[in-house]
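One file, work.txt, is given below (compact mmCIF, C-alpha atoms).
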# COMPACT_ATOMS: atom_id res chain seq x y z
CA MET A 1 -22.97 -18.39 -13.73
CA GLY A 2 -19.79 -19.89 -12.29
CA THR A 3 -19.67 -21.84 -9.09
CA GLN A 4 -18.25 -20.70 -5.78
CA LYS A 5 -14.56 -21.35 -5.51
CA ILE A 6 -11.70 -20.70 -3.15
CA ILE A 7 -9.07 -18.22 -4.30
CA HIS A 8 -5.61 -19.66 -3.66
CA ASP A 9 -3.54 -16.98 -5.39
CA PRO A 10 -2.27 -14.51 -2.72
CA GLN A 11 -2.01 -11.80 -5.38
CA LYS A 12 -5.73 -12.09 -6.17
CA ILE A 13 -6.57 -11.95 -2.47
CA GLU A 14 -4.47 -8.81 -2.14
CA GLU A 15 -6.21 -7.25 -5.18
CA ILE A 16 -9.57 -7.71 -3.45
CA LEU A 17 -8.26 -5.99 -0.31
CA LEU A 18 -6.90 -3.10 -2.35
CA LYS A 19 -10.20 -2.61 -4.23
CA ALA A 20 -12.58 -2.96 -1.27
CA LYS A 21 -14.05 0.29 0.04
CA PHE A 22 -14.98 -0.86 3.54
CA LEU A 23 -14.03 -3.63 5.92
CA ARG A 24 -16.26 -5.35 8.45
CA LEU A 25 -14.36 -5.87 11.67
CA ALA A 26 -15.55 -8.66 13.96
CA LEU A 27 -14.66 -8.56 17.65
CA SER A 28 -15.56 -10.66 20.66
CA ASP A 29 -16.45 -9.25 24.06
CA ALA A 30 -16.54 -12.06 26.61
CA GLY A 31 -17.93 -14.41 23.98
CA ILE A 32 -20.46 -11.91 22.64
CA PRO A 33 -19.80 -11.04 18.96
CA TYR A 34 -19.66 -7.43 17.79
CA ILE A 35 -19.15 -6.33 14.20
CA VAL A 36 -18.53 -2.86 12.83
CA PRO A 37 -17.89 -1.51 9.31
CA ILE A 38 -14.76 0.64 9.05
CA ALA A 39 -12.70 2.59 6.53
CA PHE A 40 -9.27 0.99 6.22
CA GLY A 41 -5.99 0.80 4.40
CA TYR A 42 -4.00 -2.29 3.44
CA LYS A 43 -0.26 -2.67 2.92
CA GLU A 44 2.15 -5.58 3.26
CA ASN A 45 -0.12 -8.03 5.06
CA THR A 46 -1.33 -5.33 7.46
CA ILE A 47 -4.66 -3.54 7.86
CA TYR A 48 -4.68 0.01 9.25
CA PHE A 49 -7.64 2.00 10.56
CA HIS A 50 -8.24 4.91 12.88
CA SER A 51 -10.80 5.71 15.51
CA SER A 52 -11.54 8.05 18.35
CA GLN A 53 -9.84 6.96 21.55
CA LYS A 54 -13.12 5.99 23.21
CA GLY A 55 -16.00 3.75 22.29
CA LYS A 56 -17.21 0.17 22.32
CA LYS A 57 -14.79 -1.02 19.60
CA ILE A 58 -11.80 0.39 21.50
CA ASP A 59 -12.98 -1.04 24.83
CA ILE A 60 -13.33 -4.51 23.29
CA LEU A 61 -9.97 -4.39 21.48
CA LYS A 62 -8.17 -3.43 24.69
CA LYS A 63 -9.60 -6.55 26.35
CA ASN A 64 -9.32 -8.87 23.36
CA PRO A 65 -7.10 -7.93 20.39
CA ARG A 66 -8.03 -11.03 18.36
CA VAL A 67 -10.10 -10.01 15.34
CA CYS A 68 -11.69 -11.37 12.21
CA PHE A 69 -12.42 -9.20 9.18
CA GLU A 70 -14.31 -9.42 5.89
CA VAL A 71 -14.24 -7.41 2.68
CA ASP A 72 -16.14 -7.95 -0.56
CA ILE A 73 -16.18 -6.41 -4.01
CA GLU A 74 -18.12 -6.71 -7.24
CA THR A 75 -21.23 -7.93 -5.42
CA GLU A 76 -24.41 -8.35 -7.39
CA VAL A 77 -27.63 -10.30 -6.94
CA ILE A 78 -28.46 -12.30 -10.06
CA THR A 79 -32.22 -12.70 -10.34
CA ALA A 80 -34.19 -15.37 -12.16
CA ASP A 81 -37.84 -16.16 -12.85
CA ASP A 82 -37.66 -18.76 -10.11
CA PRO A 83 -36.56 -17.15 -6.79
CA CYS A 84 -34.93 -20.45 -5.84
CA LYS A 85 -32.50 -19.89 -8.72
CA TYR A 86 -31.29 -16.47 -7.57
CA ASN A 87 -27.54 -16.26 -7.15
CA VAL A 88 -24.93 -13.82 -5.91
CA ARG A 89 -21.82 -12.74 -7.77
CA TYR A 90 -18.94 -11.61 -5.53
CA ARG A 91 -15.29 -11.73 -4.57
CA SER A 92 -14.48 -11.74 -0.86
CA VAL A 93 -11.71 -12.12 1.68
CA ILE A 94 -11.97 -13.21 5.30
CA GLY A 95 -8.95 -12.87 7.55
CA HIS A 96 -7.83 -13.20 11.15
CA GLY A 97 -5.22 -11.35 13.12
CA GLN A 98 -4.16 -9.34 16.13
CA ALA A 99 -4.99 -5.67 16.59
CA LYS A 100 -2.24 -3.46 17.94
CA PHE A 101 -2.65 0.13 19.12
CA LEU A 102 0.07 2.30 17.60
CA GLU A 103 1.69 4.62 20.12
CA ASP A 104 4.70 5.90 18.15
CA TYR A 105 3.90 9.13 16.29
CA ASP A 106 5.72 8.09 13.08
CA GLU A 107 3.97 4.70 13.04
CA LYS A 108 0.61 6.43 13.46
CA VAL A 109 1.38 8.74 10.53
CA GLU A 110 2.47 5.75 8.42
CA GLY A 111 -0.87 4.06 9.13
CA LEU A 112 -2.78 7.23 8.26
CA ILE A 113 -0.88 7.51 4.97
CA VAL A 114 -1.76 3.91 4.04
CA LEU A 115 -5.40 4.60 4.88
CA SER A 116 -5.43 7.87 2.88
CA GLU A 117 -3.80 6.23 -0.14
CA HIS A 118 -6.42 3.48 -0.08
CA TYR A 119 -9.06 6.11 -0.80
CA GLY A 120 -7.08 7.80 -3.54
CA LYS A 121 -5.22 10.56 -1.70
CA LYS A 122 -1.72 10.97 -3.08
CA GLU A 123 1.22 12.67 -1.40
CA PRO A 124 2.22 15.11 -0.08
CA PHE A 125 0.71 14.28 3.28
CA GLU A 126 0.65 16.82 6.02
CA PHE A 127 -1.02 15.76 9.23
CA GLU A 128 -1.34 18.23 12.06
CA ASP A 129 0.35 16.95 15.22
CA TRP A 130 -2.64 17.60 17.44
CA LYS A 131 -4.92 15.60 15.14
CA VAL A 132 -2.53 12.64 15.00
CA ASN A 133 -2.11 12.70 18.77
CA ARG A 134 -5.84 12.67 19.47
CA LEU A 135 -6.52 9.76 17.09
CA CYS A 136 -6.29 6.11 17.90
CA VAL A 137 -4.49 4.36 15.02
CA ILE A 138 -4.67 0.58 15.00
CA LYS A 139 -2.99 -1.99 12.83
CA ILE A 140 -4.04 -5.57 12.34
CA GLU A 141 -1.18 -7.93 11.69
CA ILE A 142 -2.83 -10.52 9.47
CA GLU A 143 -2.18 -14.12 10.48
CA ARG A 144 -4.24 -15.83 7.79
CA MET A 145 -6.67 -15.01 5.01
CA THR A 146 -8.90 -16.89 2.62
CA GLY A 147 -10.57 -15.67 -0.54
CA LYS A 148 -13.70 -16.81 -2.35
CA GLU A 149 -15.48 -15.83 -5.52
CA ASN A 150 -18.70 -16.76 -7.23
CA GLY A 151 -19.95 -15.96 -10.69
CA PHE A 152 -16.58 -15.36 -12.35

This entry written out as structure tokens:
Amino acid sequence: MGTQKIIHDPQKIEEILLKAKFLRLALSDAGIPYIVPIAFGYKENTIYFHSSQKGKKIDILKKNPRVCFEVDIETEVITADDPCKYNVRYRSVIGHGQAKFLEDYDEKVEGLIVLSEHYGKKEPFEFEDWKVNRLCVIKIEIERMTGKENGF
């Protein structure tokens, strides 16, 4: 089993983001942490996700757009006869950024396309106007990211 190490290669960090199925979004509401798993898309140093226009996550983001996020892939618990020698194999990314609510229709559609492509949907994309207009589409402009892996 390898030892935990920091991933310095931006391409490897991006590969993890592109392979991850879900993202954990961490928010802060007046100093009280709140974390929520979300479906997401990643493109060009930007995370996209959508939501209904109401809810706790939206309320917090409107007050405080600063976020932290985490994704992980290839996770596996490695057991041993001695429980003190258990280990975890993984690749992960933690990042920070600013959430921005997209208001422009075309920007919202672009974000939805990135999100759909992340889960394997290929063009052509046809989004009904009323559905796009009722959704809240948010992008996170990533300010910094770090990657780690263990067991590789």

Contacts of segment 116-131 of chain A at 10 Å (only C-alpha atoms; same-chain gap of 2+ positions) as number ranges by chain: A: 17-21, 39-43, 49, 105, 109-114, 133-136

One-decimal distance in Å that lies between atom CA of Lys5 of chain A and atom CA of Asp82 of chain A: 23.7 Å

Counting all atoms listed in the file, the residue of A:Val137, A:Ile7, A:Ile38, A:Glu70 that sits nearest Ile94 of chain A: A:Glu70

Surrounding residues of Phe69 of chain A excluding itself and chain neighbours under 3 positions, 10 Å, only C-alpha atoms, as a PyMOL selection string: chain A and resi 23-27+35-37+47+93-97+140+142+145

Separation of atom CA of Glu143 of chain A from atom CA of Gln53 of chain A in Å: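 Those two atoms sit 25.0 Å apart.
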
Atomic separation - atom CA of Gly55 of chain A relative to atom CA of Phe101 of chain A, Å: 14.2 Å

Contacts of Ile16 of chain A within 7 Å, all atoms listed in the file, excl. fewer than 4 positions in-chain, as a list in words: Lys12, Ala20, Ile73 and Ser92 of chain A

For the residues in the current selection, export C-alpha atoms as an mmCIF file, keeping the file's coordinate frame.
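Now in again_39.cif:
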data_model
loop_
_atom_site.group_PDB
_atom_site.id
_atom_site.type_symbol
_atom_site.label_atom_id
_atom_site.label_comp_id
_atom_site.auth_asym_id
_atom_site.auth_seq_id
_atom_site.Cartn_x
_atom_site.Cartn_y
_atom_site.Cartn_z
ATOM 1 C CA LYS A 12 -5.730 -12.090 -6.170
ATOM 2 C CA ALA A 20 -12.580 -2.960 -1.270
ATOM 3 C CA ILE A 73 -16.180 -6.410 -4.010
ATOM 4 C CA SER A 92 -14.480 -11.740 -0.860
#

Top pick for closest residue to Thr46 of chain A, considering A:Ile32, A:Ala99, A:Cys84, A:Ile58 and counting all atoms listed in the file: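 Among A:Ile32, A:Ala99, A:Cys84, A:Ile58, it is A:Ala99 that comes nearest to Thr46 of chain A.
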
Contacts of Glu74 of chain A at 8 Å (only C-alpha atoms; same-chain gap of 3+ positions) as a count of residues only: 3

Centre and size of axis-aligned box enclosing segment 105-112 of chain A plus 8 Å each side, as JSON:
{"center_x": 1.5, "center_y": 6.6, "center_z": 12.3, "size_x": 24.5, "size_y": 21.1, "size_z": 24.0}

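Each of A:Ser51, A:Asn87, A:Thr146, A:Ser28 was checked against Leu115 of chain A using all atoms listed in the file; the smallest atom-to-atom distance is that of A:Ser51.
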
Of the listed residues A:Val88, A:Ile138, A:Ser52, A:Lys62, that which approaches Thr75 of chain A most closely, counting only C-alpha atoms: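 Comparing A:Val88, A:Ile138, A:Ser52, A:Lys62 against Thr75 of chain A, the winner is A:Val88.
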